[in-house]
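Student: My structure file start_25.csv, CSV, C-alpha atoms and all ligand atoms, is below:
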```csv
chain,number,residue,atom,x,y,z
A,95,MET,CA,-7.3,39.3,-1.4
A,96,SER,CA,-6.5,36.0,0.2
A,97,ALA,CA,-3.8,33.5,-0.5
A,98,ARG,CA,-6.5,31.2,-1.6
A,99,ASP,CA,-7.5,33.6,-4.3
A,100,TYR,CA,-3.9,33.9,-5.4
A,101,VAL,CA,-3.4,30.2,-5.7
A,102,GLU,CA,-6.8,29.4,-7.2
A,103,LYS,CA,-7.2,32.2,-9.7
A,104,ASP,CA,-5.2,32.6,-12.9
A,105,TYR,CA,-5.2,36.4,-13.4
A,106,TYR,CA,-3.0,36.2,-16.5
A,107,LYS,CA,-5.5,33.9,-18.1
A,108,ALA,CA,-8.4,36.1,-17.0
A,109,LEU,CA,-6.8,39.0,-19.0
A,110,GLY,CA,-5.6,36.8,-21.8
A,111,VAL,CA,-2.0,37.9,-21.4
A,112,SER,CA,1.3,36.0,-20.9
A,113,LYS,CA,3.0,35.8,-17.5
A,114,ASP,CA,5.8,38.1,-18.5
A,115,ALA,CA,3.5,40.6,-20.3
A,116,PRO,CA,4.6,44.2,-19.7
A,117,THR,CA,2.3,46.4,-17.7
A,118,ALA,CA,1.4,48.3,-20.9
A,119,ASP,CA,0.0,45.1,-22.5
A,120,ILE,CA,-1.9,44.2,-19.4
A,121,LYS,CA,-3.4,47.7,-19.4
A,122,LYS,CA,-4.4,47.3,-23.0
A,123,ALA,CA,-6.0,43.9,-22.5
A,124,TYR,CA,-7.9,45.1,-19.4
A,125,ARG,CA,-9.3,48.1,-21.2
A,126,LYS,CA,-10.5,46.0,-24.1
A,127,LEU,CA,-12.1,43.4,-21.8
A,128,ALA,CA,-13.6,46.0,-19.5
A,129,ARG,CA,-15.4,47.7,-22.5
A,130,GLU,CA,-16.7,44.3,-23.7
A,131,LEU,CA,-17.8,43.0,-20.3
A,132,HIS,CA,-19.0,46.1,-18.5
A,133,PRO,CA,-22.2,45.2,-16.6
A,134,ASP,CA,-23.9,48.2,-18.3
A,135,SER,CA,-23.4,46.6,-21.6
A,136,ASN,CA,-25.9,43.9,-20.5
A,137,ASN,CA,-24.2,41.0,-22.2
A,138,GLY,CA,-24.2,38.7,-19.1
A,139,GLY,CA,-20.5,39.2,-18.6
A,140,GLU,CA,-20.9,40.3,-15.0
A,141,GLU,CA,-19.0,37.4,-13.4
A,142,ARG,CA,-16.3,37.7,-16.0
A,143,PHE,CA,-16.1,41.4,-15.4
A,144,LYS,CA,-15.5,40.8,-11.7
A,145,ASP,CA,-12.7,38.4,-12.5
A,146,VAL,CA,-11.1,40.8,-15.0
A,147,SER,CA,-11.3,43.7,-12.5
A,148,GLU,CA,-9.8,41.6,-9.8
A,149,ALA,CA,-7.0,40.5,-12.1
A,150,TRP,CA,-6.4,44.1,-13.2
A,151,ASP,CA,-6.3,45.1,-9.5
A,152,VAL,CA,-3.5,42.7,-8.8
A,153,LEU,CA,-1.5,42.7,-12.0
A,154,SER,CA,-1.5,46.5,-12.4
A,155,ASP,CA,0.1,46.9,-9.0
A,156,ASP,CA,3.8,46.0,-9.1
A,157,THR,CA,3.9,44.9,-5.4
A,158,LYS,CA,0.7,42.8,-5.6
A,159,ARG,CA,1.8,41.3,-8.9
A,160,ARG,CA,5.1,40.2,-7.4
A,161,GLU,CA,3.4,38.7,-4.4
A,162,TYR,CA,0.9,36.9,-6.7
A,163,ASP,CA,3.7,35.5,-8.8
A,164,GLU,CA,5.5,34.3,-5.7
A,165,ALA,CA,2.4,32.6,-4.3
A,166,ARG,CA,1.8,30.9,-7.6
A,167,SER,CA,5.4,29.6,-7.8
A,168,LEU,CA,5.4,28.5,-4.2
A,169,PHE,CA,2.1,26.6,-4.3
A,170,GLY,CA,1.8,25.8,-7.9
A,171,SER,CA,-0.8,27.2,-10.1
A,172,GLY,CA,-3.4,24.5,-9.8
A,173,ALA,CA,-6.6,24.7,-7.7
A,174,VAL,CA,-6.2,24.1,-4.0
A,175,PRO,CA,-7.1,20.5,-3.4
A,176,ARG,CA,-9.9,19.9,-1.1
A,177,GLY,CA,-8.9,16.9,0.9
A,178,GLY,CA,-7.9,15.0,-2.2
A,179,PRO,CA,-5.1,14.9,-4.7
A,180,ALA,CA,-4.6,18.2,-6.4
A,181,PRO,CA,-6.6,18.4,-9.6
A,182,GLY,CA,-4.2,19.1,-12.3
A,183,GLY,CA,-1.3,18.3,-9.9
A,184,GLY,CA,-1.0,21.8,-8.6
A,185,PHE,CA,1.5,21.1,-5.9
A,186,PRO,CA,4.9,20.3,-7.3
A,187,GLY,CA,7.3,17.5,-6.4
A,188,GLY,CA,5.4,15.7,-3.6
A,189,PHE,CA,5.2,18.9,-1.5
A,190,ASP,CA,3.4,17.8,1.6
A,191,LEU,CA,1.5,20.5,3.4
A,192,GLY,CA,0.9,18.1,6.2
A,193,ASP,CA,4.6,18.5,7.0
A,194,LEU,CA,4.3,22.2,6.9
A,195,LEU,CA,1.7,22.0,9.6
A,196,GLY,CA,4.0,20.1,11.9
A,197,GLY,CA,2.3,16.8,11.5
A,198,ALA,CA,-0.9,18.0,13.0
A,199,GLY,CA,-2.7,16.2,10.3
A,200,GLY,CA,-4.0,19.4,8.8
A,201,THR,CA,-5.9,18.9,5.6
A,202,PHE,CA,-5.4,21.0,2.5
A,203,SER,CA,-9.0,22.3,2.6
A,204,ASN,CA,-8.3,24.4,5.6
A,205,LEU,CA,-4.8,25.6,4.9
A,206,PHE,CA,-5.9,28.8,3.3
A,207,GLY,CA,-8.4,29.7,5.8
A,208,GLY,CA,-12.1,30.2,5.3
A,209,GLY,CA,-12.5,26.4,4.8
A,210,SER,CA,-16.1,25.8,5.5
A,211,ARG,CA,-15.7,22.1,6.3
A,212,SER,CA,-15.1,21.2,9.9
A,213,ARG,CA,-12.1,19.0,10.1
A,214,GLY,CA,-12.6,15.3,10.8
A,215,ALA,CA,-16.3,15.5,10.5
A,216,GLY,CA,-16.7,13.5,7.3
A,217,PRO,CA,-16.7,9.7,7.0
A,218,LYS,CA,-13.4,8.1,7.8
A,219,ARG,CA,-12.1,4.9,6.4
A,220,GLY,CA,-11.0,2.5,9.1
A,221,ASP,CA,-7.3,1.6,9.5
A,222,ASP,CA,-5.8,-1.4,7.9
A,223,VAL,CA,-4.9,-4.0,10.5
A,224,GLU,CA,-2.0,-6.5,10.2
A,225,ALA,CA,-2.2,-9.9,11.9
A,226,ARG,CA,-0.1,-13.0,11.8
A,227,VAL,CA,-1.2,-16.6,11.6
A,228,THR,CA,0.7,-19.8,11.4
A,229,VAL,CA,-0.8,-22.4,9.1
A,230,ALA,CA,0.5,-26.0,8.8
A,231,PHE,CA,2.2,-26.9,5.5
A,232,LEU,CA,-0.5,-29.2,4.2
A,233,ASP,CA,-3.3,-26.8,5.4
A,234,ALA,CA,-1.6,-24.0,3.5
A,235,LEU,CA,-1.8,-26.1,0.3
A,236,ARG,CA,-5.5,-26.9,0.8
A,237,GLY,CA,-6.6,-23.6,2.3
A,238,ALA,CA,-7.7,-23.2,5.8
A,239,THR,CA,-10.1,-21.4,8.0
A,240,VAL,CA,-8.4,-20.0,11.1
A,241,PRO,CA,-9.7,-18.0,14.0
A,242,LEU,CA,-7.9,-14.7,14.6
A,243,ARG,CA,-8.0,-12.7,17.8
A,244,LEU,CA,-7.4,-9.0,17.0
A,245,THR,CA,-6.9,-6.1,19.3
A,246,THR,CA,-7.9,-3.0,17.4
A,247,SER,CA,-8.8,0.5,18.2
A,248,GLY,CA,-12.5,1.2,17.9
A,249,ALA,CA,-15.0,3.8,18.9
A,250,CYS,CA,-15.4,3.9,22.7
A,251,ASP,CA,-18.7,2.3,23.8
A,252,SER,CA,-19.1,4.6,26.8
A,253,CYS,CA,-19.1,7.8,24.8
A,254,ARG,CA,-19.8,6.4,21.4
A,255,GLY,CA,-16.6,7.9,20.2
A,256,SER,CA,-17.3,11.5,21.2
A,257,GLY,CA,-14.7,11.4,24.0
A,258,ALA,CA,-17.0,13.4,26.3
A,259,ALA,CA,-18.3,12.0,29.6
A,260,ALA,CA,-21.8,10.6,29.8
A,261,GLY,CA,-24.4,13.3,29.7
A,262,THR,CA,-22.1,15.8,28.1
A,263,SER,CA,-21.0,16.5,24.6
A,264,PRO,CA,-18.0,18.2,23.0
A,265,HIS,CA,-18.6,21.8,22.0
A,266,ALA,CA,-17.1,23.8,19.2
A,267,CYS,CA,-13.8,25.5,20.0
A,268,THR,CA,-14.3,29.2,20.7
A,269,VAL,CA,-10.8,30.1,19.6
A,270,CYS,CA,-11.2,28.9,16.1
A,271,GLY,CA,-14.9,28.8,15.9
A,272,GLY,CA,-14.9,25.0,15.4
A,273,GLN,CA,-12.7,25.2,12.2
A,274,GLY,CA,-9.7,23.6,13.8
A,275,MET,CA,-7.6,26.2,12.1
A,276,VAL,CA,-6.7,29.8,12.8
A,277,SER,CA,-5.5,32.5,10.4
A,278,ARG,CA,-2.1,34.1,10.7
A,279,ASN,CA,-1.2,37.1,8.7
A,280,GLN,CA,2.1,37.3,7.0
A,281,GLY,CA,2.5,40.1,4.7
A,282,SER,CA,-0.5,40.1,2.5
A,283,PHE,CA,-1.0,36.4,2.9
A,284,SER,CA,-3.5,34.9,5.2
A,285,PHE,CA,-2.1,31.6,6.2
A,286,ALA,CA,-4.1,29.1,8.3
A,287,GLU,CA,-2.5,26.9,10.9
A,288,PRO,CA,-3.9,24.4,13.4
A,289,CYS,CA,-5.6,25.9,16.4
A,290,THR,CA,-3.6,25.2,19.5
A,291,ALA,CA,-6.6,25.5,21.8
A,292,CYS,CA,-8.3,22.4,20.3
A,293,ARG,CA,-5.2,20.9,18.7
A,294,GLY,CA,-6.8,21.3,15.3
A,295,THR,CA,-9.9,19.2,16.1
A,296,GLY,CA,-12.3,22.1,16.2
A,297,ARG,CA,-13.9,20.6,19.3
A,298,VAL,CA,-13.3,21.0,23.0
A,299,ILE,CA,-14.2,18.4,25.6
A,300,ASP,CA,-14.8,19.8,29.1
A,301,THR,CA,-15.4,16.5,30.9
A,302,PRO,CA,-13.5,13.7,29.3
A,303,CYS,CA,-15.1,10.2,29.1
A,304,LEU,CA,-13.7,8.1,31.9
A,305,THR,CA,-13.3,5.0,29.8
A,306,CYS,CA,-11.3,6.5,26.9
A,307,HIS,CA,-9.9,9.6,28.7
A,308,GLY,CA,-11.4,11.8,26.0
A,309,SER,CA,-9.8,10.1,23.0
A,310,GLY,CA,-13.0,8.6,21.8
A,311,ALA,CA,-11.3,5.3,21.1
A,312,THR,CA,-10.7,2.2,23.1
A,313,ASN,CA,-8.9,-1.1,22.3
A,314,LYS,CA,-11.2,-3.8,21.5
A,315,GLU,CA,-10.7,-7.5,21.1
A,316,ARG,CA,-12.4,-9.1,18.2
A,317,THR,CA,-12.3,-12.7,17.1
A,318,LEU,CA,-12.5,-13.2,13.4
A,319,THR,CA,-12.7,-16.3,11.3
A,320,VAL,CA,-10.5,-15.8,8.3
A,321,ARG,CA,-10.3,-18.0,5.2
A,322,ILE,CA,-6.7,-18.5,4.1
A,323,PRO,CA,-6.8,-19.3,0.4
A,324,ALA,CA,-5.3,-22.6,-0.9
A,325,GLY,CA,-1.7,-22.5,-2.0
A,326,VAL,CA,-0.6,-19.7,0.3
A,327,ALA,CA,3.2,-19.6,0.8
A,328,ASP,CA,5.3,-18.8,3.8
A,329,GLY,CA,5.6,-15.1,4.4
A,330,GLN,CA,2.8,-14.3,2.0
A,331,LYS,CA,0.3,-11.5,2.9
A,332,VAL,CA,-3.4,-12.1,2.4
A,333,ARG,CA,-5.5,-9.0,2.2
A,334,LEU,CA,-9.1,-9.4,3.4
A,335,ALA,CA,-11.0,-6.4,2.3
A,336,GLY,CA,-13.2,-4.7,4.8
A,337,ARG,CA,-12.1,-6.9,7.7
A,338,GLY,CA,-9.9,-4.3,9.4
A,339,THR,CA,-10.8,-1.5,11.8
A,340,PRO,CA,-14.5,-0.4,11.3
A,341,GLY,CA,-14.9,3.0,9.6
A,342,GLU,CA,-16.1,6.1,11.4
A,343,ARG,CA,-19.2,8.1,10.7
A,344,GLY,CA,-20.3,5.8,7.9
A,345,GLY,CA,-16.8,5.4,6.4
A,346,PRO,CA,-15.8,2.0,5.0
A,347,ALA,CA,-13.8,-0.5,7.2
A,348,GLY,CA,-10.1,-0.9,6.6
A,349,ASP,CA,-8.5,-4.1,5.3
A,350,LEU,CA,-7.1,-6.9,7.3
A,351,LEU,CA,-3.6,-8.0,6.2
A,352,VAL,CA,-2.8,-11.4,7.3
A,353,VAL,CA,0.8,-12.4,7.2
A,354,VAL,CA,1.0,-16.2,6.9
A,355,THR,CA,3.8,-18.2,8.4
A,356,VAL,CA,4.1,-21.8,7.0
A,357,PRO,CA,6.6,-23.9,9.0
A,358,PRO,CA,8.6,-26.4,6.9
A,359,HIS,CA,7.2,-29.9,6.4
A,360,PRO,CA,9.4,-32.9,7.4
A,361,VAL,CA,8.9,-34.6,4.0
A,362,PHE,CA,7.7,-32.1,1.4
A,363,GLY,CA,9.5,-29.0,0.3
A,364,ARG,CA,8.2,-26.2,-1.9
A,365,ARG,CA,9.6,-24.5,-4.9
A,366,GLY,CA,7.0,-22.0,-6.1
A,367,ASP,CA,4.0,-24.0,-7.2
A,368,HIS,CA,6.0,-27.2,-7.2
A,369,LEU,CA,6.4,-29.5,-4.3
A,370,THR,CA,9.6,-31.5,-3.8
A,371,ILE,CA,10.2,-34.8,-2.1
A,372,THR,CA,13.2,-37.1,-1.8
A,373,VAL,CA,12.5,-40.8,-2.1
A,374,PRO,CA,15.1,-43.3,-1.1
A,375,VAL,CA,15.4,-46.5,-3.2
A,376,THR,CA,17.6,-49.5,-2.8
A,377,TYR,CA,20.5,-50.2,-5.2
A,378,PRO,CA,18.7,-53.2,-6.7
A,379,GLU,CA,15.5,-51.0,-7.2
A,380,ALA,CA,17.6,-48.4,-9.0
A,381,VAL,CA,19.3,-51.0,-11.1
A,382,LEU,CA,16.4,-53.2,-11.9
A,383,GLY,CA,13.6,-50.7,-11.9
A,384,ALA,CA,10.7,-50.7,-9.4
A,385,GLN,CA,7.3,-49.4,-8.7
A,386,VAL,CA,7.7,-47.1,-5.7
A,387,PRO,CA,4.9,-45.6,-3.6
A,388,VAL,CA,5.3,-41.9,-3.2
A,389,PRO,CA,3.1,-39.8,-0.8
A,390,THR,CA,1.5,-36.6,-2.2
A,391,PRO,CA,-0.7,-34.1,-0.4
A,392,ALA,CA,-3.6,-35.6,-2.3
A,393,GLY,CA,-2.8,-39.2,-1.4
A,394,PRO,CA,-0.1,-41.7,-2.4
A,395,VAL,CA,0.8,-42.4,-6.0
A,396,THR,CA,3.0,-45.0,-7.6
A,397,LEU,CA,6.2,-43.9,-9.2
A,398,LYS,CA,7.7,-46.1,-11.9
A,399,VAL,CA,11.4,-46.0,-11.4
A,400,PRO,CA,12.9,-47.3,-14.7
A,401,ALA,CA,15.8,-49.8,-14.7
A,402,GLY,CA,19.2,-48.1,-14.5
A,403,THR,CA,18.1,-45.0,-12.6
A,404,THR,CA,21.0,-43.0,-11.2
A,405,SER,CA,20.9,-41.7,-7.7
A,406,GLY,CA,19.7,-38.0,-7.6
A,407,ARG,CA,17.5,-38.3,-10.7
A,408,THR,CA,14.3,-36.2,-10.4
A,409,PHE,CA,10.9,-37.4,-11.7
A,410,ARG,CA,8.0,-35.1,-12.3
A,411,VAL,CA,4.5,-36.2,-11.2
A,412,ARG,CA,2.2,-33.7,-12.9
A,413,GLY,CA,-0.5,-31.9,-11.1
A,414,LYS,CA,0.5,-33.2,-7.6
A,415,GLY,CA,2.1,-30.0,-6.4
A,416,VAL,CA,0.5,-26.9,-5.0
A,417,PRO,CA,-3.1,-26.8,-6.0
A,418,GLY,CA,-4.0,-23.8,-8.1
A,419,LYS,CA,-7.1,-22.2,-9.5
A,420,ALA,CA,-6.1,-22.6,-13.2
A,421,SER,CA,-3.5,-25.3,-12.9
A,422,SER,CA,-1.7,-27.1,-10.1
A,423,GLY,CA,2.0,-27.4,-9.7
A,424,ASP,CA,3.9,-30.6,-10.0
A,425,LEU,CA,5.5,-33.0,-7.5
A,426,LEU,CA,9.2,-33.3,-8.1
A,427,VAL,CA,10.4,-36.6,-6.8
A,428,THR,CA,14.2,-37.0,-6.4
A,429,VAL,CA,15.3,-40.6,-6.2
A,430,GLU,CA,18.3,-41.3,-3.9
A,431,VAL,CA,20.0,-44.6,-3.6
A,432,ALA,CA,20.1,-45.7,0.0
A,433,VAL,CA,23.3,-47.4,1.1
A,434,PRO,CA,22.9,-49.8,4.0
A,435,ALA,CA,25.2,-49.0,6.9
A,436,THR,CA,25.7,-52.6,7.9
A,437,LEU,CA,25.4,-55.9,6.1
A,438,SER,CA,24.8,-59.4,7.3
A,439,ALA,CA,27.5,-62.0,6.5
A,440,GLU,CA,25.3,-63.6,4.0
A,441,ALA,CA,24.5,-60.3,2.2
A,442,ARG,CA,28.2,-59.4,2.2
A,443,THR,CA,29.1,-62.7,0.5
A,444,ALA,CA,26.4,-62.1,-2.1
A,445,LEU,CA,27.5,-58.6,-2.7
A,446,GLU,CA,31.1,-59.6,-3.1
A,447,ALA,CA,30.0,-62.3,-5.6
A,448,TYR,CA,28.1,-59.6,-7.5
A,449,ALA,CA,31.1,-57.4,-7.6
A,450,ALA,CA,33.2,-60.2,-9.0
A,451,VAL,CA,30.8,-61.0,-11.8
A,452,ALA,CA,29.9,-57.4,-12.7
A,453,PRO,CA,33.2,-55.4,-12.7
A,454,GLN,CA,32.6,-51.7,-13.2
A,455,ASP,CA,34.8,-48.7,-13.4
A,456,PRO,CA,32.6,-45.7,-12.8
A,457,ARG,CA,35.6,-43.4,-12.6
A,458,ALA,CA,37.2,-44.1,-15.9
A,459,HIS,CA,36.4,-40.6,-17.2
A,460,LEU,CA,38.0,-39.0,-14.1
A,461,ALA,CA,41.3,-40.9,-14.7
A,462,ALA,CA,41.6,-39.3,-18.1
A,463,ALA,CA,41.0,-35.8,-16.7
A,464,GLY,CA,43.7,-36.4,-14.1
A,465,ALA,CA,46.5,-36.9,-16.7
A,466,GLU,CA,47.1,-33.1,-16.8
A,467,PRO,CA,47.7,-31.6,-13.4
A,468,VAL,CA,45.1,-28.9,-12.6
A,469,ARG,CA,46.6,-25.4,-12.3
B,501,ZN,ZN,-9.8,25.6,18.1
B,502,ZN,ZN,-15.1,7.3,25.8
```
Please express the file's structure as structure tokens.
Ligand SMILES: [Zn+2]
Ligand SMILES: [Zn+2]
Tutor:
Amino acid sequence: MSARDYVEKDYYKALGVSKDAPTADIKKAYRKLARELHPDSNNGGEERFKDVSEAWDVLSDDTKRREYDEARSLFGSGAVPRGGPAPGGGFPGGFDLGDLLGGAGGTFSNLFGGGSRSRGAGPKRGDDVEARVTVAFLDALRGATVPLRLTTSGACDSCRGSGAAAGTSPHACTVCGGQGMVSRNQGSFSFAEPCTACRGTGRVIDTPCLTCHGSGATNKERTLTVRIPAGVADGQKVRLAGRGTPGERGGPAGDLLVVVTVPPHPVFGRRGDHLTITVPVTYPEAVLGAQVPVPTPAGPVTLKVPAGTTSGRTFRVRGKGVPGKASSGDLLVTVEVAVPATLSAEARTALEAYAAVAPQDPRAHLAAAGAEPVR
């Protein structure tokens, strides 16, 4: 009886008894089933009879039953997953058997020995690759095509990924018979652990390839042209499916994750899908109203500043922000009254004359608030 049998087979279910059934009940259930299913009775129950006999063999023996219960509680009662997530979630609480194997990358399929698949022989998806690009502010709004030089690990050309020198090829490890795992007995369990002779690969290379020193992989430089979609923001990641490291043995390629850096623009700012801009106006323009040209990424527009506009007021120019598939953002134009640092004598005289004819107390409301001292 192997540990694999213990984890995969539900003996209690085979006999139709509960987990805490006393031996007497187990015996009764077994006798009944054995009569029904006996091969001589010719009812096609041969397979079931084998299961029932095996279940009886374990559950009728106190020692074996205890070991069985322990194995089931340790590894869960689901089927042993074969290189994928456990069907029915057999392994509790994120229990990672890879950790148990000392990070050797052991796969579940071979943990319990007798795994017929040679490790690492199947198709392998290529790794995801991360790269960084810098895209100018306006290019990021419109979308851009940028060349990307990538250094990624790929199959060595000299040995075509085998790791063995030209004219030679790796052979199956004699210690583990090419399984990459060896069995170790502990009590009545047969555990499998990575083979130390081949470091779990199942293959031995006598003469390593000179180019890759036996690893089968070399760094390669690739130049890709990637399309950065319109509207990408600073720090955003763009995933380009299938543009990462090529897969191995027919596996799909990994993805390319492009982290986009967008440096700030001297004039435009960005708030989500909206663009921002500050447009200075003169005092007369703010007071009298004006038509003010405002740049947008799609070309200049004319903003109508109404008479009596206060400094700091923001106007919305619809659809002139970040372009989007469904709808574009807006351009938020903040008007700021520009104050001249110097005045000509003539201008000063005119301004003083203006002040005399248009007396104004913009702080009247502050004077009232100041009547009570602030505590
Ligand atoms: Zn080996
Ligand atoms: Zn090589």
Student: Enumerate, in order of chain and increasing residue number, the residues of chain A with an atom no farther than 9 Å from ligand ZN 502 (chain B), each with its shortest atom pair and distance in Å to one decimal, counting only C-alpha atoms and all ligand atoms, as CSV.
Tutor:
```
residue,atom,partner,partner_atom,distance
A:Ala249,CA,B:ZN502,ZN,7.7
A:Cys250,CA,B:ZN502,ZN,4.6
A:Asp251,CA,B:ZN502,ZN,6.5
A:Ser252,CA,B:ZN502,ZN,4.9
A:Cys253,CA,B:ZN502,ZN,4.2
A:Arg254,CA,B:ZN502,ZN,6.5
A:Gly255,CA,B:ZN502,ZN,5.8
A:Ser256,CA,B:ZN502,ZN,6.6
A:Gly257,CA,B:ZN502,ZN,4.5
A:Ala258,CA,B:ZN502,ZN,6.4
A:Ala259,CA,B:ZN502,ZN,6.8
A:Ala260,CA,B:ZN502,ZN,8.5
A:Pro302,CA,B:ZN502,ZN,7.5
A:Cys303,CA,B:ZN502,ZN,4.4
A:Leu304,CA,B:ZN502,ZN,6.3
A:Thr305,CA,B:ZN502,ZN,5.0
A:Cys306,CA,B:ZN502,ZN,4.0
A:His307,CA,B:ZN502,ZN,6.4
A:Gly308,CA,B:ZN502,ZN,5.8
A:Ser309,CA,B:ZN502,ZN,6.6
A:Gly310,CA,B:ZN502,ZN,4.7
A:Ala311,CA,B:ZN502,ZN,6.4
A:Thr312,CA,B:ZN502,ZN,7.3
```
Student: Next, write the just-selected residues to a file, as a PDB file, in the frame of the given file, keeping C-alpha atoms as the atom set.
Tutor:
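Wrote it out as again_39.pdb, contents follow:
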```pdb
ATOM      1  CA  ALA A 249     -15.000   3.800  18.900  1.00  0.00           C
ATOM      2  CA  CYS A 250     -15.400   3.900  22.700  1.00  0.00           C
ATOM      3  CA  ASP A 251     -18.700   2.300  23.800  1.00  0.00           C
ATOM      4  CA  SER A 252     -19.100   4.600  26.800  1.00  0.00           C
ATOM      5  CA  CYS A 253     -19.100   7.800  24.800  1.00  0.00           C
ATOM      6  CA  ARG A 254     -19.800   6.400  21.400  1.00  0.00           C
ATOM      7  CA  GLY A 255     -16.600   7.900  20.200  1.00  0.00           C
ATOM      8  CA  SER A 256     -17.300  11.500  21.200  1.00  0.00           C
ATOM      9  CA  GLY A 257     -14.700  11.400  24.000  1.00  0.00           C
ATOM     10  CA  ALA A 258     -17.000  13.400  26.300  1.00  0.00           C
ATOM     11  CA  ALA A 259     -18.300  12.000  29.600  1.00  0.00           C
ATOM     12  CA  ALA A 260     -21.800  10.600  29.800  1.00  0.00           C
ATOM     13  CA  PRO A 302     -13.500  13.700  29.300  1.00  0.00           C
ATOM     14  CA  CYS A 303     -15.100  10.200  29.100  1.00  0.00           C
ATOM     15  CA  LEU A 304     -13.700   8.100  31.900  1.00  0.00           C
ATOM     16  CA  THR A 305     -13.300   5.000  29.800  1.00  0.00           C
ATOM     17  CA  CYS A 306     -11.300   6.500  26.900  1.00  0.00           C
ATOM     18  CA  HIS A 307      -9.900   9.600  28.700  1.00  0.00           C
ATOM     19  CA  GLY A 308     -11.400  11.800  26.000  1.00  0.00           C
ATOM     20  CA  SER A 309      -9.800  10.100  23.000  1.00  0.00           C
ATOM     21  CA  GLY A 310     -13.000   8.600  21.800  1.00  0.00           C
ATOM     22  CA  ALA A 311     -11.300   5.300  21.100  1.00  0.00           C
ATOM     23  CA  THR A 312     -10.700   2.200  23.100  1.00  0.00           C
TER      24      THR A 312
END
```
Student: Can you pull out every residue with an atom within 9 Å of ligand ZN 501 (chain B)? Use all atoms listed in the file and format it as a list in words.
Tutor: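 Those within range of ligand ZN 501 (chain B) are Ala266, Cys267, Thr268, Val269, Cys270, Gly271, Gly272, Gln273, Gly274, Met275, Val276, Pro288, Cys289, Thr290, Ala291, Cys292, Arg293, Gly294, Thr295, Gly296, Arg297 and Val298 of chain A.
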Student: Take the residues that were just selected and, keeping C-alpha atoms, output them as an mmCIF file, in the coordinates of the input.
Tutor:
```
data_model
loop_
_atom_site.group_PDB
_atom_site.id
_atom_site.type_symbol
_atom_site.label_atom_id
_atom_site.label_comp_id
_atom_site.auth_asym_id
_atom_site.auth_seq_id
_atom_site.Cartn_x
_atom_site.Cartn_y
_atom_site.Cartn_z
ATOM 1 C CA ALA A 266 -17.100 23.800 19.200
ATOM 2 C CA CYS A 267 -13.800 25.500 20.000
ATOM 3 C CA THR A 268 -14.300 29.200 20.700
ATOM 4 C CA VAL A 269 -10.800 30.100 19.600
ATOM 5 C CA CYS A 270 -11.200 28.900 16.100
ATOM 6 C CA GLY A 271 -14.900 28.800 15.900
ATOM 7 C CA GLY A 272 -14.900 25.000 15.400
ATOM 8 C CA GLN A 273 -12.700 25.200 12.200
ATOM 9 C CA GLY A 274 -9.700 23.600 13.800
ATOM 10 C CA MET A 275 -7.600 26.200 12.100
ATOM 11 C CA VAL A 276 -6.700 29.800 12.800
ATOM 12 C CA PRO A 288 -3.900 24.400 13.400
ATOM 13 C CA CYS A 289 -5.600 25.900 16.400
ATOM 14 C CA THR A 290 -3.600 25.200 19.500
ATOM 15 C CA ALA A 291 -6.600 25.500 21.800
ATOM 16 C CA CYS A 292 -8.300 22.400 20.300
ATOM 17 C CA ARG A 293 -5.200 20.900 18.700
ATOM 18 C CA GLY A 294 -6.800 21.300 15.300
ATOM 19 C CA THR A 295 -9.900 19.200 16.100
ATOM 20 C CA GLY A 296 -12.300 22.100 16.200
ATOM 21 C CA ARG A 297 -13.900 20.600 19.300
ATOM 22 C CA VAL A 298 -13.300 21.000 23.000
#
```
Student: Quick one: distance from CA of Asp114 in chain A to CA of Glu141 in chain A in Å, one decimal?
Tutor: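 Distance between the two atoms: 25.3 Å.
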Student: Could you give me, as a list in words, the residues within 6 Å of Gly383 in chain A, counting all atoms listed in the file and dropping anything in the same chain fewer than 6 positions from it?
Tutor: Val399, Pro400 and Ala401 of chain A
Student: Put those residues in a file: C-alpha atoms, as a JSON list (two decimals), in the frame of the given file.
Tutor:
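This is the output file out-v7.json:
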```json
[["chain", "number", "residue", "atom", "x", "y", "z"],
["A", 399, "VAL", "CA", 11.40, -46.00, -11.40],
["A", 400, "PRO", "CA", 12.90, -47.30, -14.70],
["A", 401, "ALA", "CA", 15.80, -49.80, -14.70]]
```
Student: Give the answer as one residue: which of A:His359, A:Arg142, A:Arg243, A:Arg412 has the shortest atom-to-atom distance to Val395 in chain A, using only C-alpha atoms?
Tutor: A:Arg412
Student: Quick one: residues within 12 Å of Gly393 in chain A, all atoms listed in the file, excluding same-chain residues fewer than 3 positions away - as an mmCIF file with C-alpha atoms, keeping the file's coordinate frame?
Tutor:
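File written: out.cif
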```cif
data_model
loop_
_atom_site.group_PDB
_atom_site.id
_atom_site.type_symbol
_atom_site.label_atom_id
_atom_site.label_comp_id
_atom_site.auth_asym_id
_atom_site.auth_seq_id
_atom_site.Cartn_x
_atom_site.Cartn_y
_atom_site.Cartn_z
ATOM 1 C CA LEU A 232 -0.500 -29.200 4.200
ATOM 2 C CA PRO A 387 4.900 -45.600 -3.600
ATOM 3 C CA VAL A 388 5.300 -41.900 -3.200
ATOM 4 C CA PRO A 389 3.100 -39.800 -0.800
ATOM 5 C CA THR A 390 1.500 -36.600 -2.200
ATOM 6 C CA THR A 396 3.000 -45.000 -7.600
ATOM 7 C CA LYS A 414 0.500 -33.200 -7.600
ATOM 8 C CA GLY A 415 2.100 -30.000 -6.400
#
```
Student: Here is a test: counting all atoms listed in the file, which residue of A:Asp119, A:Arg321, A:Pro340, A:Ser277 is nearest to Asp221 in chain A?
Tutor: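 So, comparing all the options, the nearest one is A:Pro340.
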Student: As an exercise, work out the distance from CA of Leu127 in chain A to CA of Lys158 in chain A in Å and give it to one decimal place.
Tutor: 20.7 Å
